[in-house]
Amino acid sequence: MNKLKKISSYRLFMPLICLLIVLLVNLIMTPTFFNISIQNGVFYGYMVDVINRASELVILAVGMTLVVSASGGTDISVGATAALAGAVSVFILTGGENTTDFYHAPYALGLLAAALTGLLCGAWNGFLVAKMKIQPMVATLILFTAGRGIAQVLTQGFILYMRVENFKYLGNSIPGVPLPTPVFVAIAVVLVTSIVLRKTALGLYIQTVGVNAKAARLVGLNATLIQFLTYTFCGLCAGIAGMIITSRVYSIDANNAGLNIELDAILAVAIGGNSLGGGKFSLLGSVIGAVTIQALTTSLYAMSVTADQLPVYKAVVVIIIVALQSPGFRRLTQNAKRKKVA
Amino acid sequence: MIKKFRERYDNHTFLLFVTILLFVVMYTIGVIVFKDKNFGKVQVFLNLFISNAGLIVAAVGMTTVLITGGIDISVGSVVAMTCMLLAWMMEKKGIGAVTALIIVLIIGLVFGLVQGFLISYLEIQPFIVTLAGMFFARGMTAVISVDMISITNETFLKWANLKFYLPFNFLASPNKKGMLVYPYVFPSVIIALSVLIIVYLMLKYSKFGRSIYAIGGNEQSALLMGLNVRRTKLYVYIMNGFLATLAGFVFCLNTSGGFVEQAKGFEMEAIAGAVIGGTLLTGGVGNVIGSLFGVLIKGTIETFISFQGSLSSWWAKIAIAVLLAFFIILQSVVATKTKKK
């Protein structure tokens, strides 16, 4: 009994249980959900699809977790930033043509451009939040509104196609590798981030700033710089995600690339058991959150729910998950326990 | 002059003043630049209200929620759901326009009640709750019908096309035949402005309104003062749910139909309007009059773009973002200056 209590008090217990429940439902509803087959040397199956499609979300959720932790606010511009980064990169690679079958600029330059765009957008948000002390959501609302507009100006409102075979590698799979590339990118981002956060004191600093920025400054931490860095990093994550999104469909549609993905990223952070009020965070929790959301989406598709109606079910499940983790619910259950004892 | 003004009024009044001034300046520029296209006509000004009536209602509700320190991003989806429900009930089910309207408004109250309960009693972050609300409402719109439904109900169309003329000769202008044409507004504008006035008075003079400011300023202090924080918040979200569906109805009067993609990003426009009007997202500060001007500024930019003719609509978005940046930074500068005093 005590052991059970110990396990259930573990930080990631609830998020993991939620993910398990989502997967278990599939066992009943869609028995083929866990089948994995190999076609043309590549793994196929719903589970592969889940981790593949969750990749962008995982990358964004990593950046979002740090932003939430350090500033107690959310970055709602990541979707627009991803679209903008993708647009800049494709614009450079296609030389501004609507469709092309060769690179007009070296591929590495395109990647660099996407990363730089992400960094710049993140730095702008970071400047507003950390230096100008503007509430995060309002500060990022600016890029949220303008990002896709700027991308549209760049693409002249057209969808730009990049029809080169190796452009698709990043978003699909490299010949000879059985797993989709985005999965590796996501794992790399998570690993690098957590190593940096653990091997240096940066993780601790971020949490300190998030718990109390003033106190952090008084003990000698540069709170402004730390907040700025988290936003810049979040922008970089958005840039990487933007490249993956673009590569998946080897084109950029500034209106629809990464649409509403910022909402899913914020949701991933919340479902992962992190407080949106800032402070303590768990990267792994956010990763689990992101996978849970994608698992839910894929499961619903497997149960042949249409894309338009999907949000209804998603909303209901999300509310149940966050309600189970909410302070109010915990209070209610504790009261009930106390009554039982008495 | 600005110094004298600042001495007499506090910062928030100053910011509101800047917003109104900016609107006047922008509009005057429009009148001068597009003189040959009749930008200065009274009707063009009234059209600002006509085409943004729904947004005004939504922004008023949003401002109230923002003052409590919360947020509601479900508004746009609720508007879409309202339009779709109205269209579906009247066209597919043959329900009368009045009954349909009442049903929709009740749904809005229930929607607000559920969201408010989750936020104030289960203490889930407003952003997450209303995010789920946004998914839910948008999804429900698709569940009702994936295809667009146009409204042909006679009563509804009569409401939508009812013109209220302003019978003042000095406002009227001659048309091509030389007949005097009086400027007019639709019922949507009258609904929007009444909502604005009622909520303004409520926020300013009622006990409920003052509690909203108190809670937004500091929840702990409000609680210690003996205010029922949870219930007040619940009421605010219920009211906002009602206003969101009312905004949907007003929006529907303009569009006369429902489809899934309708009113996307509406909530962000409402938030942007409120922020330009001087509402702080941290809560405690805000004014619905400011939000009205925030919405009008957005409308003026759009009118500019449509009068100019060759610019694409995404320039409007960029322009609004630039303005947003300007106001936000201005607020920040004003706020830090006061602290130094």
# chains A, B, ... in the order shown; residues from 1 in each chain; ligands from 1
call {"tool": "residues_around", "arguments": {"residues": "Thr232 in chain A", "least_positions_apart": "6", "cutoff": "6 Å", "atoms": "only C-alpha atoms", "output": "list in words"}}
result
Leu119, Gly122 and Ala123 of chain A
call {"tool": "write_last_selection", "arguments": {"atoms": "N, CA, C and O atoms", "output": "mmCIF file, in the first residue's frame"}}
result
data_model
loop_
_atom_site.group_PDB
_atom_site.id
_atom_site.type_symbol
_atom_site.label_atom_id
_atom_site.label_comp_id
_atom_site.auth_asym_id
_atom_site.auth_seq_id
_atom_site.Cartn_x
_atom_site.Cartn_y
_atom_site.Cartn_z
ATOM 1 N N LEU A 119 15.465 31.773 -34.364
ATOM 2 C CA LEU A 119 16.213 32.455 -33.306
ATOM 3 C C LEU A 119 15.824 33.923 -33.213
ATOM 4 O O LEU A 119 15.604 34.454 -32.123
ATOM 5 N N GLY A 122 12.376 34.329 -31.780
ATOM 6 C CA GLY A 122 12.452 34.047 -30.354
ATOM 7 C C GLY A 122 13.098 35.193 -29.598
ATOM 8 O O GLY A 122 12.656 35.580 -28.509
ATOM 9 N N ALA A 123 14.154 35.754 -30.201
ATOM 10 C CA ALA A 123 14.866 36.848 -29.538
ATOM 11 C C ALA A 123 13.953 38.067 -29.399
ATOM 12 O O ALA A 123 13.958 38.750 -28.372
#
call {"tool": "interface_residues", "arguments": {"of": "chain B", "to": "chain A", "cutoff": "6 Å", "atoms": "only C-alpha atoms", "output": "VMD selection string"}}
result
chain B and resid 122 to 124 132 135 to 136 139 142 to 143 314 317 to 318 321
call {"tool": "residues_around", "arguments": {"residues": "range 283-296 of chain A", "least_positions_apart": "3", "cutoff": "6 Å", "atoms": "only C-alpha atoms", "output": "JSON, numbers by chain"}}
result
{"A": [19, 50, 54, 57, 58, 268, 269, 271, 272, 299]}
call {"tool": "closest_residue", "arguments": {"among": "B:Val250, B:Val110, B:Met26, B:Val44", "to": "Ala192 in chain B", "atoms": "only C-alpha atoms"}}
result
B:Val250
call {"tool": "residues_around", "arguments": {"residues": "range 303-307 of chain B", "least_positions_apart": "5", "cutoff": "9 Å", "atoms": "only C-alpha atoms", "output": "list in words"}}
result
Gly30, Phe34, Lys37, Phe39, Val44, Leu48, Lys298, Ser312, Ser313, Trp315 and Ala316 of chain B
call {"tool": "atom_distance", "arguments": {"atom1": "CA of Met47 in chain A", "atom2": "CA of Asn35 in chain A"}}
result
7.8 Å
call {"tool": "atom_distance", "arguments": {"atom1": "CA of Leu112 in chain A", "atom2": "CA of Ser282 in chain A"}}
result
29.1 Å
call {"tool": "residues_around", "arguments": {"residues": "Leu12 in chain A", "least_positions_apart": "2", "cutoff": "8 Å", "atoms": "only C-alpha atoms", "output": "ChimeraX atom specification"}}
result
/A:10,14-16,272-273,285
call {"tool": "select_by_dssp", "arguments": {"residues": "range 59-257 of chain A", "states": "strand (DSSP E)", "output": "PDB file with C-alpha atoms, in the first residue's frame"}}
result
ATOM      1  CA  THR A  99       7.861  25.259 -58.012  1.00  0.00           C
ATOM      2  CA  THR A 100      11.338  23.997 -58.688  1.00  0.00           C
ATOM      3  CA  LEU A 160       5.940  27.199 -52.889  1.00  0.00           C
ATOM      4  CA  TYR A 161       6.939  23.650 -53.907  1.00  0.00           C
ATOM      5  CA  MET A 162      10.413  22.214 -53.497  1.00  0.00           C
ATOM      6  CA  SER A 251       6.201  22.789 -49.799  1.00  0.00           C
ATOM      7  CA  ILE A 252       5.257  25.788 -47.717  1.00  0.00           C
TER       8      ILE A 252
END
